[in-house]
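Structure file model31.txt (compact mmCIF, C-alpha atoms) follows.
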```txt
# COMPACT_ATOMS: atom_id res chain seq x y z
CA MET W 104 -3.29 -17.20 -8.50
CA LYS W 105 -0.90 -14.63 -7.05
CA ARG W 106 -0.39 -13.12 -10.49
CA ALA W 107 -4.09 -12.30 -10.57
CA TYR W 108 -3.68 -10.19 -7.44
CA ASP W 109 -0.66 -8.42 -8.84
CA GLY W 110 -2.78 -7.11 -11.71
CA LEU W 111 -5.38 -5.51 -9.46
CA SER W 112 -5.54 -1.86 -8.48
CA ASP W 113 -4.76 -0.77 -4.93
CA GLU W 114 -8.46 -0.04 -4.45
CA ALA W 115 -9.43 -3.59 -5.38
CA LEU W 116 -6.72 -5.08 -3.16
CA VAL W 117 -7.77 -2.91 -0.25
CA GLU W 118 -11.36 -4.02 -0.77
CA ILE W 119 -10.32 -7.67 -0.64
CA CYS W 120 -8.38 -6.98 2.55
CA ASN W 121 -11.50 -5.35 3.96
CA ARG W 122 -14.05 -7.97 3.05
CA GLY W 123 -12.37 -10.99 1.53
CA ALA W 124 -11.92 -14.42 3.02
CA ALA W 125 -8.74 -14.92 4.99
CA ASP W 126 -6.70 -16.47 2.21
CA ASP W 127 -7.78 -13.85 -0.31
CA ALA W 128 -7.08 -11.05 2.14
CA ALA W 129 -3.63 -12.39 2.92
CA HIS W 130 -2.80 -12.66 -0.78
CA ALA W 131 -4.14 -9.18 -1.44
CA PHE W 132 -2.11 -7.76 1.44
CA GLU W 133 0.98 -9.47 0.10
CA ALA W 134 0.39 -7.84 -3.28
CA LEU W 135 0.04 -4.45 -1.59
CA TYR W 136 3.18 -5.09 0.41
CA ARG W 137 5.26 -6.09 -2.59
CA ARG W 138 3.97 -3.13 -4.57
CA HIS W 139 4.71 -0.50 -1.91
CA ARG W 140 7.54 -2.04 0.07
CA ASP W 141 10.33 -0.23 -1.74
CA TYR W 142 8.58 3.12 -1.44
CA VAL W 143 8.08 2.71 2.30
CA LEU W 144 11.65 1.55 2.71
CA ARG W 145 12.89 4.57 0.79
CA VAL W 146 10.82 7.00 2.83
CA ALA W 147 11.99 5.40 6.07
CA MET W 148 15.58 5.57 4.90
CA ARG W 149 15.27 9.30 4.27
CA PHE W 150 14.71 9.83 7.94
CA VAL W 151 16.81 7.17 9.59
CA ARG W 152 19.75 6.80 7.16
CA ASP W 153 20.26 3.35 8.64
CA ARG W 154 19.23 0.18 6.92
CA ASP W 155 18.29 -1.80 10.03
CA LEU W 156 16.19 1.02 11.42
CA ALA W 157 14.55 1.38 8.01
CA TYR W 158 13.61 -2.30 8.12
CA ASP W 159 12.09 -1.78 11.57
CA ALA W 160 10.08 1.14 10.25
CA LEU W 161 8.99 -0.91 7.24
CA GLN W 162 7.56 -3.63 9.47
CA GLU W 163 5.86 -1.13 11.74
CA THR W 164 4.33 0.69 8.80
CA PHE W 165 2.77 -2.42 7.34
CA ALA W 166 1.65 -3.57 10.79
CA TYR W 167 -0.15 -0.24 11.04
CA LEU W 168 -1.72 -0.78 7.62
CA LEU W 169 -2.74 -4.31 8.58
CA ARG W 170 -4.58 -3.09 11.65
CA LYS W 171 -6.73 -0.87 9.47
CA PHE W 172 -8.47 -3.99 8.19
CA PRO W 173 -10.94 -6.20 10.04
CA PRO W 174 -10.95 -7.97 12.42
CA GLN W 175 -9.20 -5.22 14.42
CA GLY W 176 -9.86 -2.29 12.15
CA ALA W 177 -13.07 -0.99 10.68
CA GLY W 178 -11.75 -1.22 7.14
CA LEU W 179 -9.97 1.15 4.84
CA VAL W 180 -11.41 3.19 1.99
CA LEU W 181 -8.95 4.97 -0.24
CA THR W 182 -9.64 8.55 -1.20
CA ALA W 183 -6.24 9.06 -2.74
CA ARG W 184 -3.22 7.00 -3.66
CA LEU W 185 -2.12 4.61 -0.95
CA GLN W 186 1.17 6.48 -0.72
CA THR W 187 -0.65 9.34 0.99
CA LEU W 188 -1.44 6.95 3.82
CA LEU W 189 1.88 5.11 3.78
CA TYR W 190 4.08 8.21 3.72
CA PRO W 191 3.04 9.66 7.09
CA ALA W 192 2.99 6.18 8.61
CA ALA W 193 6.48 5.41 7.35
CA LYS W 194 7.76 8.79 8.46
CA HIS W 195 6.28 8.39 11.92
CA CYS W 196 7.60 4.86 12.28
CA ALA W 197 11.03 5.91 11.07
CA ILE W 198 11.28 8.81 13.50
CA SER W 199 9.99 6.56 16.23
CA ALA W 200 12.64 3.96 15.39
CA LEU W 201 15.27 6.68 15.51
CA ARG W 202 14.11 7.84 18.91
CA LYS W 203 14.24 4.33 20.23
CA ALA W 204 17.78 4.12 18.95
CA GLY W 205 18.55 7.43 20.67
CA ARG W 206 19.29 9.39 17.52
CA GLU W 207 18.00 12.50 15.80
CA ALA W 208 16.38 12.62 12.37
CA ASP W 209 18.62 13.46 9.45
CA HIS W 210 17.03 15.56 6.77
CA GLY W 211 19.71 15.27 4.17
CA GLY W 212 23.03 16.67 5.12
CA ASP W 213 24.17 19.93 6.62
CA ASP W 214 26.84 21.13 4.30
CA ALA W 215 27.21 24.86 4.36
CA LEU W 216 27.59 26.98 1.28
CA GLU W 217 30.90 28.20 2.55
CA ASN W 218 34.07 26.59 1.24
CA LEU W 219 32.37 25.37 -1.89
CA PRO W 220 34.38 24.36 -4.93
CA ALA W 221 34.47 26.87 -7.73
CA GLU W 222 31.63 26.83 -10.21
CA THR W 223 32.58 25.64 -13.66
CA ALA W 224 31.40 27.18 -16.89
CA ASP W 225 29.24 24.18 -17.85
CA ALA W 226 27.49 23.08 -14.71
CA PRO W 227 27.98 23.57 -11.03
CA ASP W 228 29.74 20.95 -9.01
CA PRO W 229 27.21 18.46 -7.61
CA ARG W 230 28.39 19.39 -4.15
CA VAL W 231 27.23 22.95 -4.80
CA ILE W 232 23.74 21.68 -5.52
CA ASP W 233 23.84 19.38 -2.51
CA ALA W 234 24.78 22.27 -0.32
CA ALA W 235 22.01 24.41 -1.78
CA LEU W 236 19.47 21.68 -1.08
CA ALA W 237 20.82 21.29 2.42
CA ARG W 238 19.97 24.94 3.08
CA LEU W 239 16.27 24.24 2.68
CA SER W 240 14.26 23.76 5.83
CA ALA W 241 13.08 20.23 6.53
CA GLU W 242 9.49 21.20 5.63
CA ARG W 243 10.40 22.76 2.29
CA ARG W 244 12.72 19.96 1.33
CA GLU W 245 10.09 17.41 2.23
CA VAL W 246 7.52 19.03 -0.07
CA LEU W 247 10.09 19.34 -2.84
CA THR W 248 10.94 15.66 -2.48
CA LEU W 249 7.34 14.49 -2.42
CA ARG W 250 6.56 16.57 -5.50
CA PHE W 251 9.55 15.89 -7.69
CA VAL W 252 11.01 12.60 -6.45
CA ASP W 253 7.85 10.79 -5.33
CA ASP W 254 5.73 12.37 -8.05
CA LEU W 255 2.79 13.16 -5.77
CA SER W 256 0.30 15.84 -6.72
CA LEU W 257 -0.06 18.86 -4.48
CA ALA W 258 -3.35 17.54 -3.14
CA GLU W 259 -1.75 14.20 -2.38
CA ILE W 260 1.12 15.92 -0.60
CA ALA W 261 -1.39 17.87 1.48
CA ALA W 262 -3.12 14.61 2.40
CA ALA W 263 0.15 12.86 3.17
CA LEU W 264 1.38 15.66 5.41
CA GLY W 265 -1.99 16.52 6.90
CA VAL W 266 -1.63 20.19 6.03
CA PRO W 267 -3.80 22.51 3.90
CA LEU W 268 -3.21 22.61 0.16
CA GLY W 269 -2.24 26.27 0.45
CA THR W 270 0.55 25.36 2.84
CA VAL W 271 1.93 22.85 0.37
CA LYS W 272 1.83 25.41 -2.45
CA SER W 273 3.50 27.96 -0.27
CA ARG W 274 6.26 25.63 0.86
CA LEU W 275 6.93 24.48 -2.69
CA HIS W 276 6.97 28.02 -4.01
CA LEU W 277 9.33 29.16 -1.26
CA ALA W 278 11.61 26.18 -1.74
CA LEU W 279 11.99 26.88 -5.44
CA LYS W 280 12.39 30.60 -4.83
CA GLN W 281 15.09 29.93 -2.26
CA LEU W 282 16.98 27.68 -4.66
CA ARG W 283 16.66 30.19 -7.49
CA GLU W 284 18.18 32.90 -5.35
CA ILE W 285 21.37 30.98 -4.66
CA PRO W 286 23.89 32.52 -7.08
CA GLU W 287 25.82 29.30 -7.65
CA ILE W 288 22.83 27.50 -9.15
CA ARG W 289 20.68 30.39 -10.39
CA ASP W 290 21.64 29.71 -14.01
CA LEU W 291 20.12 26.25 -13.80
CA PHE W 292 16.70 27.79 -13.32
CA ASP W 293 17.08 30.49 -15.96
CA PRO W 294 19.32 29.05 -18.64
CA MET I 84 10.01 10.92 -13.30
CA SER I 85 8.60 14.38 -12.80
CA ARG I 86 10.97 16.52 -14.74
CA ASP I 87 8.41 17.76 -17.23
CA ASN I 88 5.26 15.89 -16.38
CA LEU I 89 3.83 18.42 -14.00
CA ASN I 90 0.18 19.17 -14.38
CA SER I 91 -0.16 22.88 -15.10
CA ASN I 92 -3.01 23.10 -12.59
CA ASP I 93 -0.90 21.36 -10.03
CA ALA I 94 2.46 23.03 -10.02
CA PRO I 95 3.65 25.55 -12.52
CA ASP I 96 7.26 25.09 -11.52
CA ARG I 97 9.77 22.54 -12.55
CA LEU I 98 13.05 21.50 -11.16
CA PRO I 99 16.18 21.70 -13.30
CA GLU I 100 17.61 18.34 -14.30
CA ALA I 101 20.82 18.77 -12.35
CA VAL I 102 19.00 19.75 -9.15
CA LEU I 103 16.51 16.93 -9.50
CA ALA I 104 19.33 14.46 -10.03
CA ARG I 105 20.99 15.52 -6.77
CA LEU I 106 17.70 15.53 -4.90
CA GLU I 107 16.96 12.03 -6.14
CA ALA I 108 20.43 10.88 -5.23
CA ALA I 109 19.82 12.03 -1.68
CA GLU I 110 16.17 11.14 -1.26
CA ARG I 111 15.89 7.95 -3.27
CA PRO I 112 18.36 5.81 -1.38
CA ASN I 113 18.92 2.37 -2.77
CA VAL I 114 17.94 -0.01 0.00
CA ARG I 115 17.63 -3.65 -0.89
CA PRO I 116 14.64 -5.45 0.56
CA ASP I 117 15.37 -8.12 3.11
CA ALA I 118 13.86 -11.60 2.72
CA ASP I 119 13.55 -12.11 6.48
CA VAL I 120 11.66 -8.85 6.87
CA ASP I 121 9.37 -9.80 3.98
CA ALA I 122 8.70 -13.18 5.57
CA ALA I 123 7.96 -11.60 8.95
CA VAL I 124 5.52 -9.05 7.53
CA LEU I 125 3.68 -11.60 5.42
CA ALA I 126 3.53 -14.15 8.23
CA ALA I 127 2.04 -11.47 10.47
CA ALA I 128 -0.55 -10.71 7.79
CA ARG I 129 -1.50 -14.35 7.39
CA ALA I 130 -1.87 -14.72 11.14
CA TYR I 131 -3.90 -11.53 11.35
CA PHE I 132 -6.37 -12.56 8.67
CA ALA I 133 -6.51 -16.20 9.81
CA GLY I 134 -9.45 -15.58 12.10
CA ARG I 135 -11.75 -14.75 9.23
CA ALA I 136 -14.16 -17.14 7.59
CA GLY I 137 -12.69 -18.84 4.56
CA SER I 138 -9.22 -19.30 6.00
CA SER I 139 -7.77 -22.59 4.91
CA SER I 140 -5.61 -22.64 8.03
CA VAL I 141 -8.65 -22.12 10.19
CA ARG I 142 -10.53 -24.77 8.28
CA ARG I 143 -7.64 -27.16 8.71
CA GLY I 144 -7.42 -26.36 12.41
CA ALA I 145 -11.11 -26.77 12.91
CA SER I 146 -11.21 -30.08 11.12
CA SER I 147 -8.32 -31.44 13.16
CA ARG I 148 -10.08 -30.42 16.34
CA VAL I 149 -13.24 -32.07 15.08
CA ARG I 150 -11.39 -35.29 14.42
CA ARG I 151 -9.97 -35.34 17.94
CA GLY I 152 -13.37 -34.64 19.42
CA ALA I 153 -15.06 -37.21 17.21
CA ARG I 154 -13.09 -40.03 18.74
CA ARG I 155 -14.37 -39.07 22.15
CA ARG I 156 -17.97 -38.19 21.28
CA PRO I 157 -19.19 -40.02 18.15
CA ALA I 158 -22.83 -39.63 19.18
CA ARG I 159 -22.69 -35.84 18.84
CA TRP I 160 -21.72 -36.15 15.17
CA ALA I 161 -24.53 -38.54 14.52
CA ALA I 162 -26.90 -35.91 15.90
CA TYR I 163 -25.33 -33.24 13.67
CA ALA I 164 -25.71 -35.47 10.63
CA ALA I 165 -29.35 -36.12 11.46
CA ALA I 166 -30.03 -32.41 11.90
CA ALA I 167 -28.31 -31.64 8.59
CA SER I 168 -30.46 -34.24 6.86
CA VAL I 169 -33.61 -32.60 8.21
CA VAL I 170 -32.49 -29.16 7.02
CA LEU I 171 -31.56 -30.51 3.59
CA ALA I 172 -34.91 -32.21 3.23
CA ALA I 173 -36.69 -29.01 4.21
CA LEU I 174 -34.76 -27.04 1.63
CA LEU I 175 -35.57 -29.56 -1.09
CA LEU I 176 -39.22 -29.29 -0.21
CA VAL I 177 -39.19 -25.51 -0.27
CA ARG I 178 -37.35 -25.20 -3.57
CA PRO I 179 -40.29 -26.11 -5.85
CA LEU I 180 -42.29 -23.37 -4.18
CA GLY I 181 -39.92 -20.80 -5.61
CA LEU I 182 -38.80 -19.55 -2.24
CA PHE I 183 -35.13 -19.77 -3.15
CA THR I 184 -33.45 -16.51 -3.98
CA THR I 185 -32.38 -16.20 -7.58
CA TYR I 186 -28.73 -15.24 -7.88
CA ASP I 187 -26.79 -13.78 -10.72
CA PRO I 188 -24.76 -16.63 -12.28
CA ASP I 189 -21.63 -14.56 -11.61
CA ASP I 190 -22.49 -14.13 -7.93
CA ILE I 191 -20.23 -17.02 -7.06
CA ASP I 192 -20.16 -16.43 -3.32
CA ARG I 193 -23.93 -15.80 -3.19
CA SER I 194 -23.43 -12.49 -1.45
CA GLY I 195 -26.20 -10.85 -3.42
CA ARG I 196 -23.87 -8.76 -5.51
CA VAL I 197 -21.28 -9.37 -8.17
CA ASP I 198 -17.92 -8.03 -7.09
CA ILE I 199 -14.22 -8.73 -7.11
CA LEU I 200 -14.65 -11.37 -4.44
CA ASP I 201 -16.62 -13.45 -6.91
CA ALA I 202 -13.76 -13.33 -9.36
CA PHE I 203 -11.45 -14.55 -6.67
CA ALA I 204 -13.82 -17.21 -5.52
CA LEU I 205 -13.87 -18.46 -9.09
CA ALA I 206 -10.09 -18.29 -9.34
CA ARG I 207 -9.80 -20.21 -6.10
CA MET I 208 -12.14 -22.90 -7.41
CA ARG I 209 -9.95 -23.23 -10.47
CA ALA I 210 -6.81 -23.36 -8.33
CA GLU I 211 -8.38 -26.14 -6.31
CA GLY I 212 -8.91 -28.20 -9.45
CA GLU I 213 -12.49 -27.44 -10.40
CA PRO I 214 -13.18 -27.19 -14.14
CA VAL I 215 -13.44 -23.42 -14.41
CA ALA I 216 -12.26 -21.85 -17.66
CA GLU I 217 -9.73 -19.05 -17.28
CA THR I 218 -11.68 -17.07 -19.85
CA ARG I 219 -14.67 -17.10 -17.51
CA ILE I 220 -12.54 -15.69 -14.69
CA ASP I 221 -11.20 -13.00 -16.99
CA ALA I 222 -14.69 -12.14 -18.20
CA LEU I 223 -15.98 -11.89 -14.65
CA ALA I 224 -13.02 -9.76 -13.59
CA ALA I 225 -13.67 -7.46 -16.55
CA ARG I 226 -17.34 -7.24 -15.63
CA VAL I 227 -16.48 -6.43 -12.02
CA VAL I 228 -14.07 -3.72 -13.04
CA ALA I 229 -16.79 -2.23 -15.22
CA LEU I 230 -19.32 -2.45 -12.39
CA GLU I 231 -17.31 -1.18 -9.47
CA PRO I 232 -17.06 2.59 -9.05
CA ARG I 233 -13.90 4.11 -7.60
CA SER I 234 -13.85 4.25 -3.84
CA GLY I 235 -15.17 7.25 -1.97
CA ALA I 236 -14.04 8.80 1.29
CA ARG I 237 -11.37 7.23 3.41
```
Here is a file; write its structure as structure tokens.
Amino acid sequence: MKRAYDGLSDEALVEICNRGAADDAAHAFEALYRRHRDYVLRVAMRFVRDRDLAYDALQETFAYLLRKFPPQGAGLVLTARLQTLLYPAAKHCAISALRKAGREADHGGDDALENLPAETADAPDPRVIDAALARLSAERREVLTLRFVDDLSLAEIAAALGVPLGTVKSRLHLALKQLREIPEIRDLFDP
Amino acid sequence: MSRDNLNSNDAPDRLPEAVLARLEAAERPNVRPDADVDAAVLAAARAYFAGRAGSSSVRRGASSRVRRGARRRPARWAAYAAAASVVLAALLLVRPLGLFTTYDPDDIDRSGRVDILDAFALARMRAEGEPVAETRIDALAARVVALEPRSGAR
């Protein structure tokens, strides 16, 4: 029985959660949870860098999703991939969990470009790339991550972040431009 | 992953392999799921949905309450049974007059439309031991998928 749910699209599972009988809805929600759990956990971890806080954010995120469905919620209709709904929820829950723990969000390291190891002839030291990425603003890095790591389209990123499509394009363009202009990694972009 | 699979209308740029690898290393942390967290989330979901019609837990709860009440007030159940008999008789009388709605054979839950819930109703019947062929469930699921348009606005 559960295998049948696993084969359904997110849209179908959401529809069962909206209108199905209790047992069907619970099974459908479980399928959604198992399908998207790792993504939500990963997104939460990006912000909290702490496994226990990430688990808290995971639970809060799916509690938020649950409340979208009746009896409390009016129901959910997907216009885009479910990730575009889960990403902002997971981010918000993660930052909230951090605040409760009395910490600040970590956007991926703060290594400076100073004191970097020398570039080799073949490829730059990974730490050089890490430092270059760390120079990006949180907004630019976030768009870069959603595009290239999470594989979201620009429209989906705009939906996930709640910003205009033009803003996403601009941030992505500027992020790539900024990386290209760093001498230590410029050759990677123009081999 | 998205090293080269970018839609040209979407993003003309690509990220060099080495940069993407470092970005993934930082932004794709390997966090193992936790069984206790899974259990908590899924228990919350079951409890949340339990108030809906069709919940086996609700049905079980209701029936146990009925049994307790029945010992105290047997006469009430006799009245219910009598009323049900009257309704059933009325329905049997009306049926020859053609007043019953005709349903699609695949409209298992008699909702007036054939949708994914019918496929699951059928699957549930099979899971509960009724003689429903798996091929029929598959055929209904395929029909539903063909019928149902993609969702609209959120």
Could you name the residues that touch range 281-286 of chain W at 10 Å or less, counting only C-alpha atoms, but leaving out those on the same chain fewer than 3 positions away, as a PyMOL selection string?
(chain W and resi 216+231-232+235-236+238-239+243+275-278+289-293) or (chain I and resi 98+102)
List the spatial neighbours of range 211-218 of chain I as a list of chain:residue names - criterion: any atom at most 12 Å away, all atoms listed in the file, same-chain residues fewer than 5 positions off excluded.
W:Met104, W:Ala107, I:Ser139, I:Ile191, I:Ala202, I:Phe203, I:Ala204, I:Leu205, I:Ala206, I:Leu223, I:Ala224, I:Ala225
Give as a list of chain:residue names each residue that has an atom at most 9 Å from (15.7, 19.3, -7.0) in the file, counting all atoms listed in the file.
W:Ile232, W:Leu236, W:Arg244, W:Leu247, W:Thr248, W:Phe251, W:Val252, W:Leu279, W:Leu282, I:Arg97, I:Leu98, I:Pro99, I:Glu100, I:Ala101, I:Val102, I:Leu103, I:Ala104, I:Arg105, I:Leu106, I:Glu107
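The two atoms in question, CA of Pro112 in chain I and CA of Arg202 in chain W, are spaced 20.8 Å apart.
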Residues of chain W at most 8 Å from chain I: nearest atom pair and distance in Å, all atoms listed in the file, as a tab-separated table:
```
residue	atom	partner	partner_atom	distance
W:Met104	CA	I:Ala206	CA	6.9
W:Glu114	CA	I:Ser234	CA	6.9
W:Ala115	CA	I:Ile199	CA	7.2
W:Ile119	CA	I:Leu200	CA	6.8
W:Gly123	CA	I:Leu200	CA	6.4
W:Ala124	CA	I:Gly137	CA	4.7
W:Ala125	CA	I:Ser138	CA	4.5
W:Asp126	CA	I:Ser138	CA	5.4
W:Asp127	CA	I:Phe203	CA	7.4
W:Ala128	CA	I:Phe132	CA	6.7
W:Ala129	CA	I:Arg129	CA	5.3
W:Phe132	CA	I:Ala128	CA	7.2
W:Glu133	CA	I:Leu125	CA	6.3
W:Arg140	CA	I:Pro116	CA	7.9
W:Asp141	CA	I:Pro116	CA	7.1
W:Leu144	CA	I:Val114	CA	7.0
W:Arg145	CA	I:Pro112	CA	6.0
W:Val146	CA	I:Glu110	CA	7.9
W:Met148	CA	I:Pro112	CA	6.9
W:Arg149	CA	I:Glu110	CA	5.9
W:Arg154	CA	I:Val114	CA	7.0
W:Tyr158	CA	I:Val120	CA	6.9
W:Gln162	CA	I:Val124	CA	6.1
W:Phe165	CA	I:Val124	CA	7.2
W:Ala166	CA	I:Val124	CA	7.5
W:Leu169	CA	I:Ala128	CA	6.8
W:Pro173	CA	I:Phe132	CA	8.0
W:Pro174	CA	I:Phe132	CA	7.5
W:Leu179	CA	I:Arg237	CA	6.4
W:Val180	CA	I:Arg237	CA	4.3
W:Leu181	CA	I:Arg237	CA	4.9
W:Thr182	CA	I:Ala236	CA	5.1
W:Gly211	CA	I:Ala109	CA	6.7
W:Pro229	CA	I:Arg105	CA	6.9
W:Ile232	CA	I:Val102	CA	6.3
W:Asp233	CA	I:Arg105	CA	6.4
W:Leu236	CA	I:Leu106	CA	7.5
W:Thr248	CA	I:Glu110	CA	7.0
W:Arg250	CA	I:Ser85	CA	7.9
W:Phe251	CA	I:Ser85	CA	5.4
W:Val252	CA	I:Glu107	CA	6.0
W:Asp254	CA	I:Ser85	CA	5.9
W:Ser256	CA	I:Asp93	CA	6.5
W:Leu257	CA	I:Asp93	CA	6.1
W:Lys272	CA	I:Ala94	CA	8.0
W:Leu279	CA	I:Asp96	CA	7.9
W:Leu291	CA	I:Pro99	CA	6.0
W:Phe292	CA	I:Pro99	CA	6.1
```
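Take CA of Arg137 in chain W and CA of Glu245 in chain W: the distance between them is 24.5 Å.
The two atoms in question, CA of Tyr108 in chain W and CA of Ala222 in chain I, are spaced 15.5 Å apart.
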Can you find the residues with an atom no farther than 6 Å from (-3.3, -10.2, -5.2), counting only C-alpha atoms, and report them as a PyMOL selection string?
chain W and resi 105+107-109+130-131+134
Preceding selection exported with C-alpha atoms as a PDB file, in the coordinates of the input:
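Result written to again22.pdb:
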```pdb
ATOM      1  CA  LYS W 105      -0.900 -14.630  -7.050  1.00  0.00           C
ATOM      2  CA  ALA W 107      -4.090 -12.300 -10.570  1.00  0.00           C
ATOM      3  CA  TYR W 108      -3.680 -10.190  -7.440  1.00  0.00           C
ATOM      4  CA  ASP W 109      -0.660  -8.420  -8.840  1.00  0.00           C
ATOM      5  CA  HIS W 130      -2.800 -12.660  -0.780  1.00  0.00           C
ATOM      6  CA  ALA W 131      -4.140  -9.180  -1.440  1.00  0.00           C
ATOM      7  CA  ALA W 134       0.390  -7.840  -3.280  1.00  0.00           C
TER       8      ALA W 134
END
```
Put the listed atoms of range 172-183 of chain W in a box along x, y and z with 3 Å added on every side and give me the centre and edge lengths in Å to one decimal, as JSON.
```
{"center_x": -9.7, "center_y": 0.5, "center_z": 5.8, "size_x": 12.8, "size_y": 23.0, "size_z": 23.2}
```
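Distance annotation: of W:Gly176, W:Gly205, W:Gly110, W:Pro267, the residue with the minimal separation from Arg122 in chain W is W:Gly176; atom set is only C-alpha atoms.
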